[in-house]
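Student: Mind having a look at this structure? Questions to follow.
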Amino acid sequence: MAVQERVRTHYQGILDEIKKANLYKEERFIHSPQGADIVVEYPVHSKLKEVVNFCANNYLGLSSHPALIEAAKIALFERGFGLSSVRFICGTQDSHKVLERKIADFVGMEDAILYSSCFDANGGVFEALLGEEDALISDELNHASIIDGIRLCKAERRRYKHADMIDLEHQLNEAQNKRFRMIVTDGVFSMDGDVAKLDEITRLAEKYDAILLVDDSHATGFVGKTGRGTHEHHGVMGKVDIITTTFGKALGGAAGGCVTGPKIFIDLLRQRSRPYLFSNTLSPVVVGATIKAIELISESTALRDKLDENARYFRRRIRAAGFEIKEGFHPIVPIMIGDAALVQKMARELYAEGIYVVGFFFPVVPKGTARIRVQLSAAHESHHIDKAVEAFTKVGKQLGVIK
Ligand SMILES: *Cc1c(COP(=O)(O)O)cnc(C)c1O
């Protein structure tokens, strides 16, 4: 057999296995801007359908906000579309520096450095700051980009059980002979919507002389009283050393991420961080609109307040309908079903009712904890939420999930 044919057989086998395990991801095509009401083409029957979107990370409803679109247009005309360069050659505009200042101020840090994504920020931060003499201590449920970033770093790797402070303390103890220790955690974990225990983690970081890095991608802009993030929520602003976050979720959702922290770290990242040095700069369009997003949420908490109200309202009503949810306050609301096949059926039926949600099951979440993840947005009005609760109730009864 020629190599091409063996290759084809090999990879087809892998794809078939993915399909057999029910893990093959079919993309749906959205024929409208991102928002609460979207038009979706489901390629299986290629029919267009209007549905209410409950699975975007469009937490503040900024993805298609008129003020951001206007800011993007102005940036496009005044600074162009692309820069065709990395930052340190000829890819830094005045607006990149403005965005770095704005995001650093917003999350309460000294300085910030932009990346094309938070995936890149996490891919470039550890290797540049830590070496063999150091240790990284990471929550086992941290985002894939943190796991990959840690893989690229020569520091000793340690994992602690999810949110388990006894295990974290044990790992810190074991790493006391190292030069620097860095604790790494997601601020909010995307499958459960639970918040890292930053009150306890900051205490342990102090006790064991560790640097603390928090990835606040599911928090920046809306968690905490003024939306600064999980450190504000826990009242520990000033005690987290480094925050990485994305512009691809609440802050307009286009692209981009950053590392924020002490200037000394940021200066070094500009010299050493590979995704920063060897990848193209953020488009002026994205920069201009993201600056506008941060201005909007710095001036007023109206959007995060509305999101908060929407999350409370949905949580209260869905619980009253008889569903079991993961308790909390976050706009990620996991509706616990248990059985994987049932979850997939339910998501399909809900889609038929005009509610777009996604089911998660093993191996993405532990066996027996299959769930439907609902994500609220400030773009939702109460009628959207009412429609969702009605659809959940109807489908839930049909499938015997609730009485
Ligand atoms: C979404 C997410 C990322 C990736 O952000 P991008 O900017 O889309 O690359 C990284 N970390 C966490 C915790 C996330 O939720």
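The way I read the labels, and the way they are meant: chains A, B, ... in the order of the structure tokens, residue 1 as the first residue of every chain, and ligand 1 as the first ligand shown, with later ones counted on from there.
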Determine, using only C-alpha atoms and all ligand atoms, which residues of chain A have any atom at most 8 Å from an atom of ligand 1, and tabulate each with its shortest atom pair and distance in Å to one decimal place, rows ordered by chain and then rising number, as JSON lines.
Tutor:
```
{"residue": "A:Ser116", "atom": "CA", "partner": "ligand 1", "partner_atom_place_in_ligand_line": "7 (O)", "distance": 7.2}
{"residue": "A:Ser117", "atom": "CA", "partner": "ligand 1", "partner_atom_place_in_ligand_line": "7 (O)", "distance": 3.7}
{"residue": "A:Cys118", "atom": "CA", "partner": "ligand 1", "partner_atom_place_in_ligand_line": "7 (O)", "distance": 3.7}
{"residue": "A:Phe119", "atom": "CA", "partner": "ligand 1", "partner_atom_place_in_ligand_line": "9 (O)", "distance": 3.7}
{"residue": "A:Asp120", "atom": "CA", "partner": "ligand 1", "partner_atom_place_in_ligand_line": "9 (O)", "distance": 6.5}
{"residue": "A:Ala121", "atom": "CA", "partner": "ligand 1", "partner_atom_place_in_ligand_line": "9 (O)", "distance": 7.9}
{"residue": "A:Asn122", "atom": "CA", "partner": "ligand 1", "partner_atom_place_in_ligand_line": "10 (C)", "distance": 7.1}
{"residue": "A:Asn142", "atom": "CA", "partner": "ligand 1", "partner_atom_place_in_ligand_line": "13 (C)", "distance": 6.9}
{"residue": "A:His143", "atom": "CA", "partner": "ligand 1", "partner_atom_place_in_ligand_line": "13 (C)", "distance": 4.9}
{"residue": "A:Ala144", "atom": "CA", "partner": "ligand 1", "partner_atom_place_in_ligand_line": "11 (N)", "distance": 7.3}
{"residue": "A:Ser145", "atom": "CA", "partner": "ligand 1", "partner_atom_place_in_ligand_line": "10 (C)", "distance": 5.8}
{"residue": "A:Ile146", "atom": "CA", "partner": "ligand 1", "partner_atom_place_in_ligand_line": "11 (N)", "distance": 7.0}
{"residue": "A:Asp186", "atom": "CA", "partner": "ligand 1", "partner_atom_place_in_ligand_line": "13 (C)", "distance": 5.3}
{"residue": "A:Gly187", "atom": "CA", "partner": "ligand 1", "partner_atom_place_in_ligand_line": "13 (C)", "distance": 7.3}
{"residue": "A:Val188", "atom": "CA", "partner": "ligand 1", "partner_atom_place_in_ligand_line": "13 (C)", "distance": 7.1}
{"residue": "A:Phe189", "atom": "CA", "partner": "ligand 1", "partner_atom_place_in_ligand_line": "13 (C)", "distance": 7.0}
{"residue": "A:Ser190", "atom": "CA", "partner": "ligand 1", "partner_atom_place_in_ligand_line": "15 (O)", "distance": 6.4}
{"residue": "A:Asp215", "atom": "CA", "partner": "ligand 1", "partner_atom_place_in_ligand_line": "13 (C)", "distance": 5.4}
{"residue": "A:Asp216", "atom": "CA", "partner": "ligand 1", "partner_atom_place_in_ligand_line": "13 (C)", "distance": 6.3}
{"residue": "A:Ser217", "atom": "CA", "partner": "ligand 1", "partner_atom_place_in_ligand_line": "15 (O)", "distance": 4.8}
{"residue": "A:His218", "atom": "CA", "partner": "ligand 1", "partner_atom_place_in_ligand_line": "15 (O)", "distance": 5.4}
{"residue": "A:Thr244", "atom": "CA", "partner": "ligand 1", "partner_atom_place_in_ligand_line": "11 (N)", "distance": 7.9}
{"residue": "A:Thr245", "atom": "CA", "partner": "ligand 1", "partner_atom_place_in_ligand_line": "11 (N)", "distance": 6.8}
{"residue": "A:Thr246", "atom": "CA", "partner": "ligand 1", "partner_atom_place_in_ligand_line": "7 (O)", "distance": 4.3}
{"residue": "A:Phe247", "atom": "CA", "partner": "ligand 1", "partner_atom_place_in_ligand_line": "7 (O)", "distance": 6.1}
{"residue": "A:Gly248", "atom": "CA", "partner": "ligand 1", "partner_atom_place_in_ligand_line": "7 (O)", "distance": 5.0}
{"residue": "A:Lys249", "atom": "CA", "partner": "ligand 1", "partner_atom_place_in_ligand_line": "1 (C)", "distance": 6.9}
{"residue": "A:Ala255", "atom": "CA", "partner": "ligand 1", "partner_atom_place_in_ligand_line": "7 (O)", "distance": 5.9}
{"residue": "A:Gly256", "atom": "CA", "partner": "ligand 1", "partner_atom_place_in_ligand_line": "7 (O)", "distance": 5.3}
{"residue": "A:Gly257", "atom": "CA", "partner": "ligand 1", "partner_atom_place_in_ligand_line": "7 (O)", "distance": 5.1}
```
Student: For stretch 378-390 of chain A, find every residue with an atom within 6 Å (counting only C-alpha atoms), except residues of its own chain fewer than 2 positions away, and show them as a list in words.
Tutor: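 Final neighbour list, sorted by chain and number: Ala36, Leu60, Gly61, Leu303, Lys306, Leu307, Phe392 and Thr393 of chain A.
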Student: Which residues come within 7 Å of stretch 284-296 of chain A, counting only C-alpha atoms, excluding same-chain residues fewer than 6 positions away, as an MDAnalysis selection string?
Tutor: chainID A and resid 68:69 71:72 75:76 79:82 95:96 99 102 251:252 254:255
Student: Give me a file of those residues, with C-alpha atoms, as a PDB file, in the first residue's frame.
Tutor:
```pdb
ATOM      1  CA  LEU A  68     -18.553  48.451  19.286  1.00  0.00           C
ATOM      2  CA  ILE A  69     -19.465  48.221  15.619  1.00  0.00           C
ATOM      3  CA  ALA A  71     -15.735  51.922  17.133  1.00  0.00           C
ATOM      4  CA  ALA A  72     -14.594  49.100  14.844  1.00  0.00           C
ATOM      5  CA  ALA A  75     -10.602  52.095  13.788  1.00  0.00           C
ATOM      6  CA  LEU A  76     -10.828  50.474  10.360  1.00  0.00           C
ATOM      7  CA  ARG A  79      -5.806  52.722  11.445  1.00  0.00           C
ATOM      8  CA  GLY A  80      -6.493  50.245   8.661  1.00  0.00           C
ATOM      9  CA  PHE A  81      -7.365  46.565   8.571  1.00  0.00           C
ATOM     10  CA  GLY A  82      -4.103  44.789   9.252  1.00  0.00           C
ATOM     11  CA  SER A  95      -4.122  52.046  20.028  1.00  0.00           C
ATOM     12  CA  HIS A  96      -2.380  48.824  21.127  1.00  0.00           C
ATOM     13  CA  LEU A  99      -5.787  48.891  25.039  1.00  0.00           C
ATOM     14  CA  LYS A 102      -7.187  50.137  29.678  1.00  0.00           C
ATOM     15  CA  LEU A 251     -15.439  41.946  25.913  1.00  0.00           C
ATOM     16  CA  GLY A 252     -16.886  41.888  22.411  1.00  0.00           C
ATOM     17  CA  ALA A 254     -13.870  39.003  18.456  1.00  0.00           C
ATOM     18  CA  ALA A 255     -10.348  37.910  19.334  1.00  0.00           C
TER      19      ALA A 255
END
```
Student: Just the number, please: distance in Å from atom CA of A:Gln271 to atom CA of A:Gly238, one decimal.
Tutor: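 Distance between the two atoms: 25.1 Å.
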Student: So that I can see what lies close to A:Glu174, please list as a ChimeraX atom specification the residues with an atom at most 10 Å from it, counting only C-alpha atoms and leaving out residues fewer than 6 positions away in the same chain.
Tutor: /A:135,158,168
Student: A:Phe180: which residues within 8 Å, counting only C-alpha atoms, same-chain residues fewer than 5 positions away excluded, as a PDB file with C-alpha atoms, in the first residue's frame?
Tutor:
```pdb
ATOM      1  CA  LEU A 130       9.784  30.070  34.953  1.00  0.00           C
ATOM      2  CA  GLU A 133      14.437  25.680  39.341  1.00  0.00           C
ATOM      3  CA  ASP A 134      10.740  26.469  39.737  1.00  0.00           C
ATOM      4  CA  ALA A 135       7.443  24.635  40.259  1.00  0.00           C
ATOM      5  CA  ALA A 210       4.019  31.429  45.887  1.00  0.00           C
ATOM      6  CA  ILE A 211       3.161  33.519  42.838  1.00  0.00           C
TER       7      ILE A 211
END
```
Student: Distance atom CA of A:Glu26-atom CA of A:Arg348, one decimal place?
Tutor: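 About the pair atom CA of A:Glu26 and atom CA of A:Arg348: they are 12.8 Å apart.
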Student: Compare A:Val240, A:Ala391, A:Val86, A:Ala112 by their minimum atom-to-atom distance to A:Glu349, counting only C-alpha atoms, and give me the closest one.
Tutor: A:Ala391
Student: Name the closest residue to A:Lys239 among the candidates A:Gln398, A:Ser283, A:Thr202, A:Ser298; distances are taken between atoms, counting only C-alpha atoms.
Tutor: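 Of A:Gln398, A:Ser283, A:Thr202, A:Ser298, the one nearest A:Lys239, counting only C-alpha atoms, is A:Thr202.
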Student: Rank A:Leu269, A:Ala250, A:Ile355, A:Leu342 by their smallest atom-to-atom distance to A:Asn58, using only C-alpha atoms, and report the top residue only.
Tutor: A:Ala250
